[in-house]
$ cat target03.txt   # compact mmCIF, C-alpha atoms
# COMPACT_ATOMS: atom_id res chain seq x y z
CA MET A 1 -1.37 12.72 25.56
CA THR A 2 -2.80 9.20 25.30
CA TRP A 3 -2.51 6.99 22.22
CA LEU A 4 -6.17 7.54 21.34
CA GLU A 5 -5.88 11.32 21.67
CA ALA A 6 -2.72 11.34 19.56
CA ILE A 7 -4.34 9.26 16.79
CA PHE A 8 -7.41 11.51 16.79
CA SER A 9 -5.23 14.64 16.67
CA ALA A 10 -3.28 13.19 13.77
CA PHE A 11 -6.42 12.46 11.74
CA ALA A 12 -7.75 15.98 12.46
CA SER A 13 -4.58 17.68 11.27
CA PRO A 14 -4.00 18.66 7.61
CA LEU A 15 -0.32 17.89 8.17
CA PHE A 16 -1.17 14.18 8.45
CA TYR A 17 -2.78 14.18 4.99
CA LYS A 18 0.09 16.15 3.48
CA LEU A 19 2.60 13.72 4.99
CA THR A 20 0.52 10.83 3.66
CA ILE A 21 0.67 12.19 0.12
CA LEU A 22 4.38 12.99 0.29
CA SER A 23 5.22 9.60 1.83
CA ALA A 24 3.21 7.89 -0.92
CA LEU A 25 4.90 9.71 -3.81
CA PRO A 26 8.02 7.52 -4.15
CA LEU A 27 5.84 4.42 -3.85
CA VAL A 28 3.42 5.65 -6.53
CA PHE A 29 6.19 6.13 -9.08
CA SER A 30 7.90 2.82 -8.34
CA ALA A 31 4.71 0.75 -8.02
CA ILE A 32 3.42 1.99 -11.38
CA GLY A 33 6.86 1.29 -12.81
CA GLY A 34 6.47 -2.27 -11.58
CA VAL A 35 3.03 -2.44 -13.21
CA PHE A 36 4.51 -1.52 -16.59
CA SER A 37 7.11 -4.27 -16.38
CA GLU A 38 4.92 -7.03 -15.03
CA ILE A 39 1.89 -6.56 -17.29
CA THR A 40 4.26 -7.25 -20.18
CA GLY A 41 5.45 -10.43 -18.49
CA VAL A 42 8.78 -9.44 -16.91
CA THR A 43 9.08 -9.56 -13.14
CA ASN A 44 11.11 -6.65 -11.86
CA ILE A 45 12.04 -6.73 -8.18
CA ALA A 46 15.01 -4.45 -8.89
CA LEU A 47 12.95 -1.33 -8.12
CA GLU A 48 14.92 -0.81 -4.89
CA GLY A 49 18.22 -0.72 -6.76
CA ILE A 50 16.87 1.50 -9.54
CA MET A 51 15.53 3.98 -6.97
CA LYS A 52 18.90 4.08 -5.25
CA LEU A 53 20.93 4.63 -8.41
CA GLY A 54 18.42 7.21 -9.68
CA ALA A 55 18.61 9.19 -6.43
CA PHE A 56 22.40 9.05 -6.37
CA THR A 57 22.81 10.06 -10.02
CA ALA A 58 20.34 12.93 -9.70
CA VAL A 59 22.07 14.37 -6.63
CA ALA A 60 25.55 13.80 -8.08
CA PHE A 61 24.81 15.75 -11.27
CA THR A 62 22.90 18.43 -9.37
CA PHE A 63 25.98 18.74 -7.13
CA LEU A 64 28.28 19.02 -10.16
CA THR A 65 26.12 21.32 -12.31
CA GLY A 66 24.02 23.19 -9.75
CA ASN A 67 20.91 22.44 -11.83
CA PRO A 68 18.41 19.97 -10.31
CA TRP A 69 16.60 19.54 -13.65
CA VAL A 70 19.83 18.27 -15.23
CA GLY A 71 20.12 15.89 -12.27
CA LEU A 72 16.53 14.78 -12.76
CA PHE A 73 17.06 14.00 -16.45
CA LEU A 74 20.28 12.08 -15.88
CA GLY A 75 18.76 10.25 -12.91
CA MET A 76 16.01 8.97 -15.20
CA LEU A 77 18.69 7.99 -17.72
CA SER A 78 20.47 5.93 -15.05
CA GLY A 79 17.21 4.12 -14.28
CA LEU A 80 16.73 3.47 -17.97
CA ILE A 81 20.20 1.94 -18.30
CA LEU A 82 19.80 -0.31 -15.25
CA ALA A 83 16.38 -1.45 -16.46
CA PHE A 84 17.82 -2.14 -19.90
CA LEU A 85 20.32 -4.57 -18.37
CA HIS A 86 17.46 -6.41 -16.68
CA ALA A 87 15.42 -6.42 -19.90
CA TYR A 88 18.34 -7.68 -21.98
CA VAL A 89 19.23 -10.68 -19.81
CA SER A 90 15.56 -11.50 -19.14
CA ILE A 91 14.32 -11.21 -22.72
CA GLU A 92 17.34 -12.11 -24.86
CA TRP A 93 18.89 -14.75 -22.61
CA SER A 94 15.69 -15.93 -20.88
CA ALA A 95 17.54 -15.61 -17.58
CA ASN A 96 15.85 -16.12 -14.24
CA GLN A 97 14.24 -12.73 -13.67
CA ILE A 98 14.45 -12.86 -9.88
CA VAL A 99 18.17 -13.60 -9.97
CA SER A 100 18.77 -10.91 -12.58
CA ALA A 101 16.89 -8.27 -10.60
CA THR A 102 18.61 -9.25 -7.36
CA ALA A 103 21.98 -8.89 -9.08
CA LEU A 104 21.01 -5.40 -10.25
CA ILE A 105 20.14 -4.34 -6.70
CA LEU A 106 23.59 -5.45 -5.56
CA ILE A 107 25.24 -3.74 -8.55
CA ALA A 108 23.45 -0.47 -7.75
CA GLN A 109 24.56 -0.68 -4.12
CA GLY A 110 28.12 -1.42 -5.18
CA VAL A 111 28.29 1.40 -7.74
CA VAL A 112 26.86 3.95 -5.32
CA GLY A 113 29.15 2.84 -2.49
CA PHE A 114 32.19 3.01 -4.81
CA LEU A 115 31.37 6.50 -6.17
CA MET A 116 30.30 8.25 -2.95
CA LYS A 117 33.78 9.42 -1.91
CA PRO A 118 35.13 10.28 -5.41
CA VAL A 119 32.04 12.39 -6.17
CA PHE A 120 31.16 13.94 -2.81
CA GLY A 121 34.46 13.58 -0.95
CA GLN A 122 32.79 11.68 1.89
CA GLU A 123 30.90 8.50 2.59
CA GLY A 124 27.44 8.06 4.06
CA GLN A 125 25.72 11.12 2.67
CA SER A 126 26.20 13.93 0.19
CA ASP A 127 26.23 17.66 0.74
CA PHE A 128 22.91 19.41 0.38
CA VAL A 129 22.01 20.38 -3.19
CA THR A 130 19.33 22.50 -4.84
CA LYS A 131 15.95 20.77 -4.62
CA ILE A 132 13.28 20.61 -7.30
CA PRO A 133 11.15 23.64 -6.36
CA THR A 134 7.73 23.34 -4.77
CA VAL A 135 4.65 24.61 -6.58
CA LYS A 136 2.70 27.33 -4.78
CA ILE A 137 -0.87 28.11 -5.87
CA ASP A 138 -2.32 31.07 -3.97
CA ALA A 139 -5.92 30.31 -4.97
CA ILE A 140 -5.66 26.93 -3.23
CA LYS A 141 -3.46 28.13 -0.38
CA ASN A 142 -6.22 30.43 0.90
CA ILE A 143 -8.74 27.57 1.25
CA PRO A 144 -8.95 26.41 4.90
CA PHE A 145 -7.56 22.90 5.57
CA LEU A 146 -7.10 22.02 1.87
CA GLY A 147 -4.79 24.99 1.43
CA GLU A 148 -2.43 23.62 4.06
CA ILE A 149 -2.27 20.33 2.14
CA PHE A 150 -2.17 21.40 -1.50
CA GLY A 151 -1.39 25.14 -1.39
CA GLU A 152 2.36 24.59 -1.62
CA ILE A 153 3.56 21.12 -2.48
CA SER A 154 6.42 19.38 -4.30
CA ALA A 155 6.40 19.51 -8.10
CA PHE A 156 6.69 15.71 -7.95
CA PHE A 157 3.05 15.67 -6.78
CA TYR A 158 1.90 17.10 -10.10
CA ILE A 159 4.28 14.83 -12.02
CA ALA A 160 2.70 11.89 -10.17
CA ILE A 161 -0.81 12.95 -11.21
CA VAL A 162 0.31 12.99 -14.85
CA VAL A 163 1.99 9.59 -14.44
CA ILE A 164 -1.08 8.00 -12.80
CA ILE A 165 -3.63 9.26 -15.31
CA GLY A 166 -1.31 8.83 -18.29
CA SER A 167 -0.38 5.27 -17.31
CA TRP A 168 -3.99 4.21 -16.79
CA PHE A 169 -5.01 5.72 -20.13
CA LEU A 170 -2.05 4.15 -21.97
CA ILE A 171 -2.63 0.68 -20.52
CA TYR A 172 -6.43 0.49 -20.79
CA LYS A 173 -7.42 2.88 -23.57
CA THR A 174 -4.79 2.60 -26.30
CA PRO A 175 -3.78 -0.13 -28.80
CA LEU A 176 -0.29 -0.17 -27.23
CA GLY A 177 -1.80 -0.91 -23.82
CA LEU A 178 -3.86 -3.73 -25.31
CA ARG A 179 -0.70 -5.22 -26.81
CA MET A 180 1.11 -4.90 -23.48
CA ARG A 181 -1.63 -6.75 -21.63
CA SER A 182 -1.90 -9.45 -24.29
CA VAL A 183 1.87 -10.06 -24.16
CA GLY A 184 1.68 -10.38 -20.38
CA GLU A 185 -1.22 -12.83 -20.56
CA ASN A 186 -0.30 -15.00 -23.53
CA PRO A 187 2.84 -14.02 -25.43
CA ARG A 188 2.57 -16.90 -27.92
CA ALA A 189 -0.95 -15.91 -28.95
CA ALA A 190 0.17 -12.29 -29.19
CA ASP A 191 3.10 -13.36 -31.37
CA THR A 192 0.82 -15.22 -33.78
CA LEU A 193 -1.18 -11.98 -34.16
CA GLY A 194 1.95 -10.19 -35.30
CA ILE A 195 2.71 -8.36 -32.05
CA ASN A 196 6.40 -7.76 -31.39
CA VAL A 197 6.64 -9.53 -28.03
CA LYS A 198 10.27 -8.60 -27.41
CA GLY A 199 9.70 -4.97 -28.27
CA ILE A 200 6.68 -4.70 -25.99
CA ARG A 201 8.56 -6.33 -23.12
CA TYR A 202 11.54 -4.01 -23.59
CA PHE A 203 9.14 -1.06 -23.47
CA GLY A 204 7.54 -2.25 -20.24
CA VAL A 205 10.83 -2.86 -18.44
CA LEU A 206 12.36 0.43 -19.60
CA MET A 207 9.30 2.32 -18.38
CA SER A 208 9.72 0.64 -15.00
CA GLY A 209 13.29 1.95 -14.89
CA VAL A 210 12.28 5.53 -15.66
CA LEU A 211 9.43 5.57 -13.14
CA ALA A 212 11.31 3.79 -10.34
CA SER A 213 14.19 6.23 -10.70
CA LEU A 214 11.66 9.07 -10.36
CA GLY A 215 10.58 7.50 -7.07
CA GLY A 216 14.16 7.52 -5.83
CA MET A 217 14.73 11.06 -7.05
CA TYR A 218 11.74 12.36 -5.13
CA LEU A 219 13.41 11.17 -1.91
CA ALA A 220 16.64 12.98 -2.80
CA LEU A 221 15.71 16.06 -4.86
CA GLY A 222 12.08 16.54 -3.86
CA ASP A 223 12.22 15.83 -0.13
CA ILE A 224 15.51 16.55 1.62
CA GLY A 225 17.88 17.79 -1.13
CA GLN A 226 20.54 15.28 -0.25
CA PHE A 227 21.57 11.70 -1.04
CA GLN A 228 21.99 9.29 1.85
CA GLU A 229 23.44 5.81 1.39
CA GLN A 230 20.57 4.09 3.19
CA MET A 231 18.12 5.43 0.59
CA PRO A 232 15.55 4.22 -0.38
CA ALA A 233 15.46 2.12 2.81
CA GLY A 234 13.16 -0.63 1.56
CA LYS A 235 10.68 1.57 -0.28
CA GLY A 236 11.31 -0.32 -3.52
CA PHE A 237 10.06 -3.51 -1.90
CA ILE A 238 7.07 -1.73 -0.35
CA ALA A 239 6.28 -0.46 -3.86
CA LEU A 240 6.18 -4.08 -5.04
CA ALA A 241 3.62 -4.81 -2.32
CA ALA A 242 1.62 -1.75 -3.44
CA MET A 243 1.68 -3.08 -7.01
CA ILE A 244 0.32 -6.45 -5.85
CA LEU A 245 -2.31 -4.91 -3.57
CA GLY A 246 -3.29 -2.62 -6.45
CA ASN A 247 -3.83 -5.69 -8.64
CA TRP A 248 -1.29 -4.58 -11.28
CA ASN A 249 -3.38 -1.51 -12.08
CA PRO A 250 -1.98 2.08 -11.91
CA ILE A 251 -5.02 3.40 -10.04
CA GLY A 252 -4.98 0.46 -7.62
CA ALA A 253 -1.24 0.92 -7.11
CA MET A 254 -1.88 4.59 -6.28
CA TRP A 255 -4.45 3.76 -3.57
CA ALA A 256 -2.21 1.06 -2.11
CA SER A 257 0.70 3.53 -2.04
CA ILE A 258 -1.48 6.03 -0.20
CA LEU A 259 -2.28 3.33 2.37
CA PHE A 260 1.43 2.76 2.99
CA GLY A 261 1.97 6.51 2.99
CA ALA A 262 -0.70 6.90 5.67
CA ALA A 263 1.12 4.33 7.82
CA GLU A 264 4.35 6.30 7.48
CA ALA A 265 2.55 9.60 8.19
CA MET A 266 0.91 8.17 11.29
CA ASN A 267 4.30 6.96 12.50
CA ILE A 268 5.76 10.48 12.10
CA GLN A 269 2.78 12.16 13.73
CA LEU A 270 2.69 9.84 16.75
CA GLN A 271 6.41 10.35 17.37
CA THR A 272 5.87 14.11 17.18
CA LEU A 273 2.77 14.28 19.37
CA MET A 274 3.81 11.80 22.05
CA ASP A 275 6.78 11.56 24.36
CA LEU A 276 7.75 8.02 23.51
CA PRO A 277 10.75 5.99 24.68
CA SER A 278 13.28 5.11 21.96
CA GLU A 279 12.22 1.44 21.99
CA ILE A 280 8.63 2.34 21.07
CA LYS A 281 9.83 4.74 18.36
CA ALA A 282 11.87 1.93 16.85
CA LEU A 283 8.79 -0.29 16.81
CA LEU A 284 6.70 2.46 15.20
CA ASN A 285 9.32 2.79 12.44
CA LEU A 286 8.50 -0.81 11.53
CA LEU A 287 4.84 0.02 10.90
CA PRO A 288 5.07 0.31 7.07
CA PHE A 289 7.03 -2.96 6.85
CA VAL A 290 4.60 -4.82 9.11
CA LEU A 291 1.80 -3.55 6.88
CA THR A 292 3.75 -4.80 3.85
CA ILE A 293 3.98 -8.31 5.31
CA ILE A 294 0.26 -8.30 6.08
CA VAL A 295 -0.54 -7.16 2.56
CA VAL A 296 1.73 -9.64 0.81
CA GLY A 297 0.61 -12.49 3.06
CA GLY A 298 -3.06 -11.66 2.97
CA PHE A 299 -3.67 -10.46 -0.55
CA VAL A 300 -1.31 -12.35 -2.86
CA GLY A 301 -3.79 -15.16 -3.30
CA LYS A 302 -6.69 -12.74 -3.76
CA THR A 303 -5.15 -10.71 -6.55
CA ARG A 304 -4.35 -11.96 -10.00
CA ALA A 305 -0.98 -11.45 -11.64
CA PRO A 306 -0.66 -11.44 -15.44
CA ALA A 307 -0.60 -15.10 -16.53
CA ALA A 308 2.82 -14.90 -18.18
CA ASP A 309 4.43 -12.68 -15.53
CA GLY A 310 7.97 -13.94 -14.99
CA VAL A 311 7.75 -16.49 -17.79
CA PRO A 312 10.46 -16.12 -20.48
CA TYR A 313 9.24 -16.32 -24.07
CA GLU A 314 11.19 -17.95 -26.85
CA LYS A 315 9.86 -17.78 -30.38
CA GLU A 316 9.53 -21.17 -32.06
$ encode --input "target03.txt" --output "structure tokens"
Amino acid sequence: MTWLEAIFSAFASPLFYKLTILSALPLVFSAIGGVFSEITGVTNIALEGIMKLGAFTAVAFTFLTGNPWVGLFLGMLSGLILAFLHAYVSIEWSANQIVSATALILIAQGVVGFLMKPVFGQEGQSDFVTKIPTVKIDAIKNIPFLGEIFGEISAFFYIAIVVIIGSWFLIYKTPLGLRMRSVGENPRAADTLGINVKGIRYFGVLMSGVLASLGGMYLALGDIGQFQEQMPAGKGFIALAAMILGNWNPIGAMWASILFGAAEAMNIQLQTLMDLPSEIKALLNLLPFVLTIIVVGGFVGKTRAPAADGVPYEKE
């Protein structure tokens, strides 16, 4: 099969679109998490570390309790705690937010590496655990083409729909969202209007922790039912690119995540449909990261970050 035939076959297959959606899910959660933090003025590049700790915690407690929903709840709690550390040093101490977030990524890697053997009895990867169940809807499953995409799909897909719509509504249609955006644009003006700048920024960063951990947990509990130490393999940084390409908007972040998901799905499909040498497969695995570089390099100047993003605020 030639390259052109393989690409055409991929686009004609419902599996490609299902893979696109599933590949985009962890990015959707984490990118929208980044939106919450940055529209309140706190840069959070620690999404990668939060995803990793969330995935590890969720699988560890599912392994210990046998209940993936307990793992899911405690995974979100771990993301909340890690995000709180970032919020505290960024907001209370006015620390450099890039340095703080980088430190958190390293802390998450260190904690996970230290706990792998005590919890699972081995390094590298955990045993398989019970996954969050898929949702099967017979009425959709019987529809040609669409049924193969949406008839039976991870519960995280429906959680993502709630997160996308809920986040957009909260940010653009509620008084809280207006306060969040005003704090991210001009915290001093917001302060003079009686808005609790610190409280709003804490809320934004904590939301980023909860959502980024959900992104990591999809990889572990929604996809393969296992934790692997290389998770999330750069997806936290791709989510940051999706946030930028989406212009710090939940809907935009969703479409950008789908674009990256399509790149990943195409990579999987081409490797399945074609008999490729290992060197070419390795190059194809780089496709999402190459796309990330193109996006960051080509669109950073064309999108507009919140004016006070990354700028500490100290009340006079």
$ closest_atom_pairs --input "target03.txt" --of "region 120-219 of chain A" --to "region 35-53 of chain A" --cutoff "8 Å" --atoms "only C-alpha atoms" --output "JSON lines"
{"residue": "A:Met180", "atom": "CA", "partner": "A:Thr40", "partner_atom": "CA", "distance": 5.1}
{"residue": "A:Arg181", "atom": "CA", "partner": "A:Ile39", "partner_atom": "CA", "distance": 5.6}
{"residue": "A:Ser182", "atom": "CA", "partner": "A:Thr40", "partner_atom": "CA", "distance": 7.7}
{"residue": "A:Val183", "atom": "CA", "partner": "A:Thr40", "partner_atom": "CA", "distance": 5.4}
{"residue": "A:Gly184", "atom": "CA", "partner": "A:Thr40", "partner_atom": "CA", "distance": 4.1}
{"residue": "A:Glu185", "atom": "CA", "partner": "A:Gly41", "partner_atom": "CA", "distance": 7.4}
{"residue": "A:Ile200", "atom": "CA", "partner": "A:Thr40", "partner_atom": "CA", "distance": 6.8}
{"residue": "A:Arg201", "atom": "CA", "partner": "A:Thr40", "partner_atom": "CA", "distance": 5.3}
{"residue": "A:Gly204", "atom": "CA", "partner": "A:Ser37", "partner_atom": "CA", "distance": 4.4}
{"residue": "A:Val205", "atom": "CA", "partner": "A:Ser37", "partner_atom": "CA", "distance": 4.5}
{"residue": "A:Leu206", "atom": "CA", "partner": "A:Ser37", "partner_atom": "CA", "distance": 7.7}
{"residue": "A:Met207", "atom": "CA", "partner": "A:Phe36", "partner_atom": "CA", "distance": 6.4}
{"residue": "A:Ser208", "atom": "CA", "partner": "A:Ser37", "partner_atom": "CA", "distance": 5.7}
{"residue": "A:Gly209", "atom": "CA", "partner": "A:Ile50", "partner_atom": "CA", "distance": 6.5}
{"residue": "A:Ala212", "atom": "CA", "partner": "A:Met51", "partner_atom": "CA", "distance": 5.4}
{"residue": "A:Ser213", "atom": "CA", "partner": "A:Met51", "partner_atom": "CA", "distance": 4.6}
{"residue": "A:Leu214", "atom": "CA", "partner": "A:Met51", "partner_atom": "CA", "distance": 7.2}
{"residue": "A:Gly215", "atom": "CA", "partner": "A:Met51", "partner_atom": "CA", "distance": 6.1}
{"residue": "A:Gly216", "atom": "CA", "partner": "A:Met51", "partner_atom": "CA", "distance": 4.0}
{"residue": "A:Met217", "atom": "CA", "partner": "A:Met51", "partner_atom": "CA", "distance": 7.1}
$ atom_distance --input "target03.txt" --atom1 "CA of Ile21 (chain A)" --atom2 "CA of Val59 (chain A)"
22.5 Å
$ residues_near_point --input "target03.txt" --point "(-1.5, 12.3, 0.9)" --cutoff "12 Å" --atoms "all atoms listed in the file" --output "PDB file with C-alpha atoms, in the frame of the given file"
ATOM      1  CA  PHE A  11      -6.420  12.460  11.740  1.00  0.00           C
ATOM      2  CA  PRO A  14      -4.000  18.660   7.610  1.00  0.00           C
ATOM      3  CA  LEU A  15      -0.320  17.890   8.170  1.00  0.00           C
ATOM      4  CA  PHE A  16      -1.170  14.180   8.450  1.00  0.00           C
ATOM      5  CA  TYR A  17      -2.780  14.180   4.990  1.00  0.00           C
ATOM      6  CA  LYS A  18       0.090  16.150   3.480  1.00  0.00           C
ATOM      7  CA  LEU A  19       2.600  13.720   4.990  1.00  0.00           C
ATOM      8  CA  THR A  20       0.520  10.830   3.660  1.00  0.00           C
ATOM      9  CA  ILE A  21       0.670  12.190   0.120  1.00  0.00           C
ATOM     10  CA  LEU A  22       4.380  12.990   0.290  1.00  0.00           C
ATOM     11  CA  SER A  23       5.220   9.600   1.830  1.00  0.00           C
ATOM     12  CA  ALA A  24       3.210   7.890  -0.920  1.00  0.00           C
ATOM     13  CA  LEU A  25       4.900   9.710  -3.810  1.00  0.00           C
ATOM     14  CA  PRO A  26       8.020   7.520  -4.150  1.00  0.00           C
ATOM     15  CA  LEU A  27       5.840   4.420  -3.850  1.00  0.00           C
ATOM     16  CA  VAL A  28       3.420   5.650  -6.530  1.00  0.00           C
ATOM     17  CA  LEU A 146      -7.100  22.020   1.870  1.00  0.00           C
ATOM     18  CA  GLU A 148      -2.430  23.620   4.060  1.00  0.00           C
ATOM     19  CA  ILE A 149      -2.270  20.330   2.140  1.00  0.00           C
ATOM     20  CA  PHE A 150      -2.170  21.400  -1.500  1.00  0.00           C
ATOM     21  CA  ILE A 153       3.560  21.120  -2.480  1.00  0.00           C
ATOM     22  CA  SER A 154       6.420  19.380  -4.300  1.00  0.00           C
ATOM     23  CA  PHE A 157       3.050  15.670  -6.780  1.00  0.00           C
ATOM     24  CA  ALA A 160       2.700  11.890 -10.170  1.00  0.00           C
ATOM     25  CA  MET A 254      -1.880   4.590  -6.280  1.00  0.00           C
ATOM     26  CA  TRP A 255      -4.450   3.760  -3.570  1.00  0.00           C
ATOM     27  CA  ALA A 256      -2.210   1.060  -2.110  1.00  0.00           C
ATOM     28  CA  SER A 257       0.700   3.530  -2.040  1.00  0.00           C
ATOM     29  CA  ILE A 258      -1.480   6.030  -0.200  1.00  0.00           C
ATOM     30  CA  LEU A 259      -2.280   3.330   2.370  1.00  0.00           C
ATOM     31  CA  PHE A 260       1.430   2.760   2.990  1.00  0.00           C
ATOM     32  CA  GLY A 261       1.970   6.510   2.990  1.00  0.00           C
ATOM     33  CA  ALA A 262      -0.700   6.900   5.670  1.00  0.00           C
ATOM     34  CA  ALA A 263       1.120   4.330   7.820  1.00  0.00           C
ATOM     35  CA  GLU A 264       4.350   6.300   7.480  1.00  0.00           C
ATOM     36  CA  ALA A 265       2.550   9.600   8.190  1.00  0.00           C
ATOM     37  CA  MET A 266       0.910   8.170  11.290  1.00  0.00           C
TER      38      MET A 266
END
$ closest_residue --input "target03.txt" --among "A:Leu106, A:Ile164, A:Leu82, A:Leu219" --to "Ile32 (chain A)" --atoms "only C-alpha atoms"
A:Ile164
$ closest_atom_pairs --input "target03.txt" --of "region 60-121 of chain A" --to "region 226-247 of chain A" --cutoff "9 Å" --atoms "only C-alpha atoms" --output "tab-separated table"
residue	atom	partner	partner_atom	distance
A:Ala60	CA	A:Phe227	CA	8.4
A:Gln109	CA	A:Glu229	CA	8.6
A:Val112	CA	A:Glu229	CA	7.8
A:Gly113	CA	A:Glu229	CA	7.5
A:Met116	CA	A:Glu229	CA	8.5
$ residues_around --input "target03.txt" --residues "Lys136 (chain A)" --least-positions-apart "3" --cutoff "8 Å" --atoms "all atoms listed in the file" --output "PyMOL selection string"
chain A and resi 141+151-153
$ write_last_selection --input "target03.txt" --atoms "C-alpha atoms" --output "PDB file, keeping the file's coordinate frame"
ATOM      1  CA  LYS A 141      -3.460  28.130  -0.380  1.00  0.00           C
ATOM      2  CA  GLY A 151      -1.390  25.140  -1.390  1.00  0.00           C
ATOM      3  CA  GLU A 152       2.360  24.590  -1.620  1.00  0.00           C
ATOM      4  CA  ILE A 153       3.560  21.120  -2.480  1.00  0.00           C
TER       5      ILE A 153
END
$ residues_around --input "target03.txt" --residues "Trp3 (chain A)" --least-positions-apart "4" --cutoff "10 Å" --atoms "all atoms listed in the file" --output "PDB file with C-alpha atoms, in the coordinates of the input"
ATOM      1  CA  ILE A   7      -4.340   9.260  16.790  1.00  0.00           C
ATOM      2  CA  PHE A   8      -7.410  11.510  16.790  1.00  0.00           C
ATOM      3  CA  SER A   9      -5.230  14.640  16.670  1.00  0.00           C
ATOM      4  CA  LEU A 270       2.690   9.840  16.750  1.00  0.00           C
ATOM      5  CA  LEU A 273       2.770  14.280  19.370  1.00  0.00           C
ATOM      6  CA  MET A 274       3.810  11.800  22.050  1.00  0.00           C
TER       7      MET A 274
END
$ axis_aligned_box --input "target03.txt" --around "region 14-23 of chain A" --padding-each-side "6 Å" --output "lines of an AutoDock Vina configuration file"
center_x = 0.6
center_y = 14.1
center_z = 4.3
size_x = 21.2
size_y = 21.1
size_z = 20.3
$ closest_residue --input "target03.txt" --among "A:Phe289, A:Pro250, A:Gly79, A:Asn67" --to "Asn267 (chain A)" --atoms "all atoms listed in the file"
A:Phe289
$ residues_around --input "target03.txt" --residues "Ala155 (chain A)" --least-positions-apart "6" --cutoff "8 Å" --atoms "all atoms listed in the file" --output "list of chain:residue names"
A:Ile132, A:Pro133, A:Thr134, A:Val135, A:Gly222
$ residues_around --input "target03.txt" --residues "Phe73 (chain A)" --least-positions-apart "5" --cutoff "9 Å" --atoms "all atoms listed in the file" --output "ChimeraX atom specification"
/A:58,68,78
$ atom_distance --input "target03.txt" --atom1 "CA of Tyr202 (chain A)" --atom2 "CA of Phe84 (chain A)"
7.5 Å
$ atom_distance --input "target03.txt" --atom1 "CA of Tyr218 (chain A)" --atom2 "CA of Tyr88 (chain A)"
27.0 Å
$ closest_residue --input "target03.txt" --among "A:Ser94, A:Asn249, A:Asn186, A:Ser13" --to "Trp168 (chain A)" --atoms "all atoms listed in the file"
A:Asn249
